[in-house]
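Trainee: The following file, query35.csv, comprises CSV, C-alpha atoms and all ligand atoms:
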chain,number,residue,atom,x,y,z
A,216,MET,CA,72.4,46.5,149.9
A,217,LYS,CA,69.4,48.7,149.4
A,218,PRO,CA,66.1,47.0,150.3
A,219,ILE,CA,63.4,46.3,147.8
A,220,LEU,CA,60.5,48.5,148.7
A,221,ALA,CA,56.9,47.5,148.1
A,222,PRO,CA,54.3,50.1,149.2
A,223,SER,CA,51.0,48.5,150.0
A,224,LEU,CA,48.0,50.0,148.0
A,225,LEU,CA,45.7,48.9,150.9
A,226,ALA,CA,46.6,52.3,152.4
A,227,ALA,CA,46.1,54.2,149.2
A,228,ASP,CA,43.1,56.4,148.5
A,229,PHE,CA,40.7,54.0,146.6
A,230,ALA,CA,38.9,57.0,145.2
A,231,ASN,CA,42.1,58.2,143.7
A,232,LEU,CA,43.9,54.9,142.8
A,233,GLN,CA,45.3,56.1,139.5
A,234,ARG,CA,46.8,59.2,141.1
A,235,ASP,CA,48.4,57.0,143.9
A,236,VAL,CA,49.7,54.4,141.4
A,237,GLU,CA,51.2,57.2,139.3
A,238,MET,CA,52.9,58.7,142.4
A,239,LEU,CA,54.4,55.2,143.1
A,240,ASN,CA,55.5,55.0,139.4
A,241,ARG,CA,57.5,58.2,139.9
A,242,SER,CA,58.8,57.2,143.3
A,243,GLU,CA,61.7,54.9,144.2
A,244,ALA,CA,59.3,52.1,145.0
A,245,ASP,CA,60.3,48.8,143.4
A,246,TRP,CA,57.1,46.8,143.5
A,247,LEU,CA,53.5,47.6,144.2
A,248,HIS,CA,52.1,45.4,147.0
A,249,VAL,CA,48.4,44.4,146.3
A,250,ASP,CA,46.5,42.9,149.3
A,251,ILE,CA,43.6,40.6,148.4
A,252,MET,CA,41.3,39.7,151.4
A,253,ASP,CA,38.3,37.5,151.2
A,254,GLY,CA,36.6,37.8,154.6
A,255,MET,CA,37.2,34.1,155.1
A,256,PHE,CA,40.9,33.5,155.6
A,257,VAL,CA,41.1,37.0,157.2
A,258,PRO,CA,38.3,38.9,158.9
A,259,ASN,CA,38.3,41.7,156.3
A,260,ILE,CA,37.5,42.2,152.6
A,261,SER,CA,39.8,44.5,150.6
A,262,PHE,CA,39.2,44.3,146.8
A,263,GLY,CA,39.4,41.8,144.1
A,264,LEU,CA,40.2,41.1,140.4
A,265,PRO,CA,38.8,44.2,138.7
A,266,VAL,CA,40.6,46.5,141.0
A,267,CYS,CA,43.9,44.6,140.5
A,268,GLN,CA,43.4,44.9,136.8
A,269,ALA,CA,42.8,48.7,137.1
A,270,ILE,CA,46.0,49.1,139.2
A,271,HIS,CA,47.9,47.1,136.5
A,272,ARG,CA,46.6,49.4,133.8
A,273,HIS,CA,48.5,52.3,135.3
A,274,ALA,CA,51.4,50.6,137.1
A,275,GLN,CA,54.9,50.6,135.6
A,276,LYS,CA,56.2,48.3,138.3
A,277,PRO,CA,55.6,44.7,139.1
A,278,LEU,CA,52.5,43.8,141.1
A,279,ASP,CA,53.4,41.8,144.2
A,280,VAL,CA,50.0,40.2,144.9
A,281,HIS,CA,49.4,38.9,148.4
A,282,LEU,CA,46.5,36.5,148.5
A,283,MET,CA,44.9,36.3,151.9
A,284,ILE,CA,42.2,34.0,150.7
A,285,VAL,CA,41.1,30.4,151.2
A,286,GLN,CA,41.7,28.0,148.3
A,287,PRO,CA,43.9,30.4,146.4
A,288,GLU,CA,44.4,27.8,143.6
A,289,ARG,CA,41.0,28.7,142.3
A,290,TYR,CA,42.1,32.3,141.4
A,291,LEU,CA,45.8,32.0,140.4
A,292,ALA,CA,45.2,32.2,136.7
A,293,ALA,CA,42.7,35.1,137.1
A,294,PHE,CA,45.2,37.1,139.1
A,295,ARG,CA,47.9,36.4,136.6
A,296,ALA,CA,45.6,37.7,133.9
A,297,ALA,CA,44.8,40.8,136.1
A,298,GLY,CA,48.5,41.6,136.0
A,299,ALA,CA,50.2,39.8,139.0
A,300,ALA,CA,54.0,39.4,138.5
A,301,HIS,CA,54.3,37.7,141.9
A,302,LEU,CA,51.7,35.5,143.6
A,303,THR,CA,52.0,34.9,147.3
A,304,VAL,CA,49.8,32.4,149.0
A,305,HIS,CA,49.4,31.6,152.7
A,306,LEU,CA,50.9,28.4,154.0
A,307,GLU,CA,48.0,28.2,156.4
A,308,ALA,CA,45.5,28.3,153.5
A,309,CYS,CA,47.1,25.5,151.4
A,310,PRO,CA,47.1,21.8,152.4
A,311,HIS,CA,48.7,21.1,149.0
A,312,LEU,CA,51.2,23.9,149.0
A,313,HIS,CA,53.7,22.3,146.7
A,314,SER,CA,51.1,21.8,144.1
A,315,VAL,CA,49.9,25.4,144.4
A,316,ILE,CA,53.5,26.7,144.0
A,317,GLN,CA,54.0,24.6,140.9
A,318,GLN,CA,50.8,26.1,139.4
A,319,ILE,CA,52.0,29.6,140.1
A,320,LYS,CA,55.3,28.9,138.4
A,321,GLU,CA,53.6,27.4,135.4
A,322,LEU,CA,51.7,30.6,135.0
A,323,GLY,CA,55.0,32.4,134.7
A,324,CYS,CA,54.8,34.3,138.1
A,325,ARG,CA,57.3,34.4,140.9
A,326,ALA,CA,56.0,32.3,143.7
A,327,GLY,CA,55.8,33.4,147.3
A,328,VAL,CA,54.6,31.8,150.6
A,329,ALA,CA,53.3,33.9,153.4
A,330,VAL,CA,53.3,32.8,157.1
A,331,ASN,CA,51.2,34.2,159.9
A,332,PRO,CA,53.0,35.5,163.0
A,333,HIS,CA,52.4,32.2,165.0
A,334,THR,CA,53.7,30.0,162.2
A,335,PRO,CA,57.2,28.8,162.7
A,336,VAL,CA,59.7,29.3,159.8
A,337,SER,CA,60.8,25.7,160.2
A,338,LEU,CA,57.5,24.7,158.5
A,339,LEU,CA,59.0,26.3,155.3
A,340,ASP,CA,61.9,23.8,155.2
A,341,ASP,CA,60.5,21.5,152.6
A,342,ILE,CA,59.2,24.2,150.3
A,343,LEU,CA,62.0,26.8,150.5
A,344,ALA,CA,63.9,25.4,147.5
A,345,ASP,CA,60.8,25.8,145.3
A,346,ILE,CA,59.9,29.4,146.0
A,347,ASP,CA,61.2,32.9,145.2
A,348,LEU,CA,60.0,34.7,148.3
A,349,VAL,CA,58.8,34.3,151.9
A,350,ASN,CA,56.4,36.9,153.2
A,351,LEU,CA,56.8,37.0,157.0
A,352,MET,CA,53.7,38.6,158.4
A,353,SER,CA,54.7,41.0,161.2
A,354,VAL,CA,51.1,41.7,162.1
A,355,ASN,CA,48.1,39.5,162.0
A,356,PRO,CA,46.9,39.7,158.4
A,357,GLY,CA,43.6,41.5,157.6
A,358,PHE,CA,44.2,45.2,158.4
A,359,GLY,CA,46.7,47.9,157.8
A,360,GLY,CA,48.0,50.2,160.5
A,361,GLN,CA,48.6,47.6,163.2
A,362,SER,CA,51.7,47.6,165.4
A,363,PHE,CA,54.7,45.5,164.6
A,364,ILE,CA,55.2,42.2,166.4
A,365,GLU,CA,58.7,42.2,167.9
A,366,HIS,CA,59.2,38.4,167.6
A,367,THR,CA,59.5,38.9,163.8
A,368,TYR,CA,63.2,39.9,164.2
A,369,THR,CA,64.0,36.4,165.5
A,370,LYS,CA,62.1,34.8,162.7
A,371,VAL,CA,64.0,36.9,160.1
A,372,ARG,CA,67.3,35.7,161.6
A,373,GLN,CA,66.2,32.1,161.7
A,374,LEU,CA,64.9,32.2,158.1
A,375,LYS,CA,68.0,34.0,156.8
A,376,ALA,CA,70.2,31.2,158.4
A,377,MET,CA,68.1,28.5,156.7
A,378,ILE,CA,68.4,30.3,153.3
A,379,ARG,CA,72.2,30.9,153.6
A,380,GLU,CA,72.9,27.4,154.8
A,381,ARG,CA,71.3,25.9,151.7
A,382,LYS,CA,72.7,28.7,149.4
A,383,LEU,CA,69.2,29.4,148.1
A,384,ASP,CA,68.0,32.5,146.3
A,385,VAL,CA,64.9,33.3,148.3
A,386,LEU,CA,63.9,36.9,149.3
A,387,ILE,CA,62.6,37.6,152.8
A,388,GLU,CA,59.7,40.1,152.7
A,389,ILE,CA,58.3,41.7,155.8
A,390,ASP,CA,54.7,42.8,155.8
A,391,GLY,CA,53.0,44.9,158.6
A,392,GLY,CA,54.1,47.7,160.8
A,393,VAL,CA,57.1,48.7,158.8
A,394,ASN,CA,58.2,52.2,159.6
A,395,GLY,CA,61.3,54.3,160.0
A,396,GLU,CA,62.1,52.6,163.3
A,397,THR,CA,61.5,48.9,162.4
A,398,ALA,CA,62.9,49.1,158.9
A,399,PRO,CA,66.6,49.4,159.7
A,400,ARG,CA,66.4,46.7,162.4
A,401,LEU,CA,64.7,44.4,159.9
A,402,LEU,CA,67.3,45.0,157.3
A,403,GLU,CA,70.0,44.3,159.8
A,404,ALA,CA,68.3,41.0,160.7
A,405,GLY,CA,68.4,40.0,157.1
A,406,ALA,CA,65.2,41.2,155.4
A,407,ASP,CA,65.3,41.9,151.7
A,408,VAL,CA,61.9,43.4,150.9
A,409,LEU,CA,59.9,45.8,153.0
A,410,VAL,CA,56.1,46.2,152.5
A,411,ALA,CA,54.8,49.5,153.9
A,412,GLY,CA,51.2,50.7,153.8
A,413,SER,CA,50.1,53.3,156.4
A,414,TYR,CA,53.6,54.6,157.1
A,415,VAL,CA,54.0,55.6,153.4
A,416,PHE,CA,50.5,56.8,152.6
A,417,ALA,CA,49.9,58.7,155.9
A,418,ALA,CA,52.9,60.9,155.1
A,419,PRO,CA,52.4,64.4,153.5
A,420,ASP,CA,54.8,63.3,150.8
A,421,PRO,CA,54.8,59.5,150.4
A,422,ALA,CA,57.7,59.7,147.8
A,423,VAL,CA,60.0,61.2,150.5
A,424,VAL,CA,59.2,58.4,152.9
A,425,ILE,CA,59.8,55.9,150.2
A,426,ALA,CA,63.2,57.4,149.5
A,427,LYS,CA,64.1,57.4,153.2
A,428,LEU,CA,63.1,53.7,153.6
A,429,LYS,CA,65.4,52.9,150.6
A,430,ARG,CA,68.3,54.4,152.6
A,431,PRO,CA,67.9,53.2,156.1
A,501,LIG,C1,48.0,43.2,156.2
A,501,LIG,C2,48.5,43.4,154.8
A,501,LIG,C3,49.6,44.4,154.7
A,501,LIG,C4,49.2,45.8,155.1
A,501,LIG,C5,50.4,46.4,155.8
A,501,LIG,O1,47.2,42.2,156.2
A,501,LIG,O2,49.1,42.2,154.3
A,501,LIG,O3,50.3,44.4,153.4
A,501,LIG,O4,48.8,46.6,154.0
A,501,LIG,O5,50.0,47.6,156.3
A,501,LIG,P1,50.8,48.5,157.3
A,501,LIG,O6,52.1,48.8,156.6
A,501,LIG,O7,50.0,49.7,157.5
A,501,LIG,O8,51.1,47.7,158.5
A,502,ZN,ZN,50.3,42.2,152.4
For this file, write the structure as structure tokens.
Mentor:
Amino acid sequence: MKPILAPSLLAADFANLQRDVEMLNRSEADWLHVDIMDGMFVPNISFGLPVCQAIHRHAQKPLDVHLMIVQPERYLAAFRAAGAAHLTVHLEACPHLHSVIQQIKELGCRAGVAVNPHTPVSLLDDILADIDLVNLMSVNPGFGGQSFIEHTYTKVRQLKAMIRERKLDVLIEIDGGVNGETAPRLLEAGADVLVAGSYVFAAPDPAVVIAKLKRP
């Protein structure tokens, strides 16, 4: 099966966002991955609601919004209004994760949970049946262009087994260090969605790289 491809706009040219979003509209990308960082949960600040809204104005594909922020429940409705189709929150940022997931669903978004590289997938056991997507971070969140953490392959296999065993319909998304070398191995391990930032946008023709990632 072809992977779902979600280029990360974190690596786009922020001075030419409309141009880059329109390029993704014309490409074989499936979703647009939107990374929100608050300088608290992660040691970096990316962009916020007005930029998400501006991306949405030009995007013809679903916005896959990855909230790397503390207390994400404070901003769920605002990101929904700014165009989010999917809202992913970090397990590590949510002491009341079940409640946050219910709030995301009530807003009409697909609900995702992201886990940092050190967080075992077994901690997802009691939320898995309630969500649409798991974002397995394959780098420490906060920056694009980092190198892929090899242990992720093991986590993909473990999570895939949990999902299959319970016959659930949950997508496994990999975020960080996805490139021409890691992508086929991730798909073989059981990944469904690939997020790719620097690998796509550093290419002379990002649409060609996107097409290649769709056919590993
Ligand atoms: C990292 C972000 C990623 C990032 C991936 O914290 O969540 O989505 O954009 O960037 P690359 O593909 O460059 O590793
Ligand atoms: Zn991300």
Trainee: Taking only residues of segment 299-340 of chain A that have an atom at most 9 Å from an atom of segment 247-259 of chain A, what is each one's shortest atom pair and its distance in Å to one decimal, using all atoms listed in the file, in chain and number order, as a Markdown table?
Mentor:
| residue | atom | partner | partner_atom | distance |
| --- | --- | --- | --- | --- |
| A:Ala299 | CA | A:Val249 | CA | 8.8 |
| A:Glu307 | CA | A:Phe256 | CA | 8.9 |
| A:Ala308 | CA | A:Phe256 | CA | 7.3 |
Trainee: Residues within 12 Å of Gln361 of chain A, please, as a PyMOL selection string. Count all atoms listed in the file; anything in the same chain fewer than 4 positions from it doesn't count.
Mentor: chain A and resi 226+352-357+390-394+411-414
Trainee: Here is a test: counting all atoms listed in the file, which residue of A:Asp420, A:Asp279, A:Glu365, A:Asp341 is nearest to ligand LIG 501 (chain A)?
Mentor: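 Once distances to ligand LIG 501 (chain A) are computed over all atoms listed in the file, the minimum belongs to A:Asp279.
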Trainee: Just the number, please: distance in Å from atom CA of Gly263 of chain A to atom CA of Val236 of chain A, one decimal.
Mentor: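 That distance, rounded to one decimal, is 16.5 Å.
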Trainee: Using all atoms listed in the file, which residue out of A:Pro431, A:Pro335, A:Pro265, A:Gly327 lies closest to ligand ZN 502 (chain A)?
Mentor: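 Among the listed residues, A:Gly327 lies closest to ligand ZN 502 (chain A).
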Trainee: Excluding Ala426 of chain A and any residue of its chain fewer than 5 positions from it, enumerate the residues within 9 Å of it, using only C-alpha atoms, and give them as an mmCIF file with C-alpha atoms, in the frame of the given file.
Mentor:
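What ended up in selection-v1.cif:
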data_model
loop_
_atom_site.group_PDB
_atom_site.id
_atom_site.type_symbol
_atom_site.label_atom_id
_atom_site.label_comp_id
_atom_site.auth_asym_id
_atom_site.auth_seq_id
_atom_site.Cartn_x
_atom_site.Cartn_y
_atom_site.Cartn_z
ATOM 1 C CA SER A 242 58.800 57.200 143.300
ATOM 2 C CA GLU A 243 61.700 54.900 144.200
ATOM 3 C CA ALA A 244 59.300 52.100 145.000
ATOM 4 C CA PRO A 421 54.800 59.500 150.400
#
Trainee: May I ask which of the residues A:Val315, A:Ala418, A:Leu343, A:Val304 is the closest one to Val330 of chain A, counting only C-alpha atoms?
Mentor: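 Residue with the minimum atom-to-atom distance to Val330 of chain A: A:Val304.
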Trainee: Please determine, counting only C-alpha atoms, which residue among A:Lys429, A:Lys375, A:Ala422, A:Phe416 has the shortest atom-to-atom distance to Asn240 of chain A.
Mentor: A:Ala422
Trainee: For Ala329 of chain A, please output as a list in words all residues within 9 Å (counting all atoms listed in the file; exclusion window: fewer than 2 positions along the same chain).
Mentor: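 The contact residues come out as His281, Leu282, Met283, Thr303, Val304, His305, Leu306, Glu307, Gly327, Asn331, Leu348, Val349, Asn350, Leu351, Met352 and Glu388 of chain A.
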Trainee: Show me the residues around (69.2, 52.6, 154.7) - criterion: an atom at most 10 Å away, all atoms listed in the file counted - as an NGL selection string.
Mentor: :A and (216-218 or 395 or 398-399 or 402-403 or 426-431)
Trainee: Which residue gives the smallest distance to Ile387 of chain A among A:Leu264, A:Leu409, A:Ile284, A:Val423, with only C-alpha atoms counted?
Mentor: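 Looking only at the distances to Ile387 of chain A, the closest residue turns out to be A:Leu409.
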Trainee: Which residues are near Leu232 of chain A? Cut-off 12 Å, all atoms listed in the file, ignore same chain within fewer than 5 positions. Put them as JSON, numbers by chain.
Mentor: {"A": [223, 224, 225, 226, 227, 237, 238, 239, 249, 266, 267, 268, 269, 270, 271, 272, 273, 274, 416]}
Trainee: For those residues, write C-alpha atoms to a file as a short mmCIF file (atom, residue, chain, number, x, y, z; two decimals), in the coordinates of the input.
Mentor:
data_model
loop_
_atom_site.label_atom_id
_atom_site.label_comp_id
_atom_site.auth_asym_id
_atom_site.auth_seq_id
_atom_site.Cartn_x
_atom_site.Cartn_y
_atom_site.Cartn_z
CA SER A 223 51.00 48.50 150.00
CA LEU A 224 48.00 50.00 148.00
CA LEU A 225 45.70 48.90 150.90
CA ALA A 226 46.60 52.30 152.40
CA ALA A 227 46.10 54.20 149.20
CA GLU A 237 51.20 57.20 139.30
CA MET A 238 52.90 58.70 142.40
CA LEU A 239 54.40 55.20 143.10
CA VAL A 249 48.40 44.40 146.30
CA VAL A 266 40.60 46.50 141.00
CA CYS A 267 43.90 44.60 140.50
CA GLN A 268 43.40 44.90 136.80
CA ALA A 269 42.80 48.70 137.10
CA ILE A 270 46.00 49.10 139.20
CA HIS A 271 47.90 47.10 136.50
CA ARG A 272 46.60 49.40 133.80
CA HIS A 273 48.50 52.30 135.30
CA ALA A 274 51.40 50.60 137.10
CA PHE A 416 50.50 56.80 152.60
#
Trainee: Report, in Å with one decimal, the straight-line distance from atom CA of Gly359 of chain A to atom C1 of ligand LIG 501 (chain A).
Mentor: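 Atom C1 of ligand LIG 501 (chain A) lies at a distance of 5.1 Å from atom CA of Gly359 of chain A.
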Trainee: Find, counting all atoms listed in the file, the residue in A:Ile425, A:Ile378, A:Ala297, A:Leu302 that gets nearest to ligand ZN 502 (chain A).
Mentor: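 Ranking A:Ile425, A:Ile378, A:Ala297, A:Leu302 by distance to ligand ZN 502 (chain A), first place goes to A:Leu302.
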Trainee: By how many Å are atom CA of Ala292 of chain A and atom CA of Glu321 of chain A apart?
Mentor: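 For atom CA of Ala292 of chain A relative to atom CA of Glu321 of chain A, the distance reads 9.8 Å.
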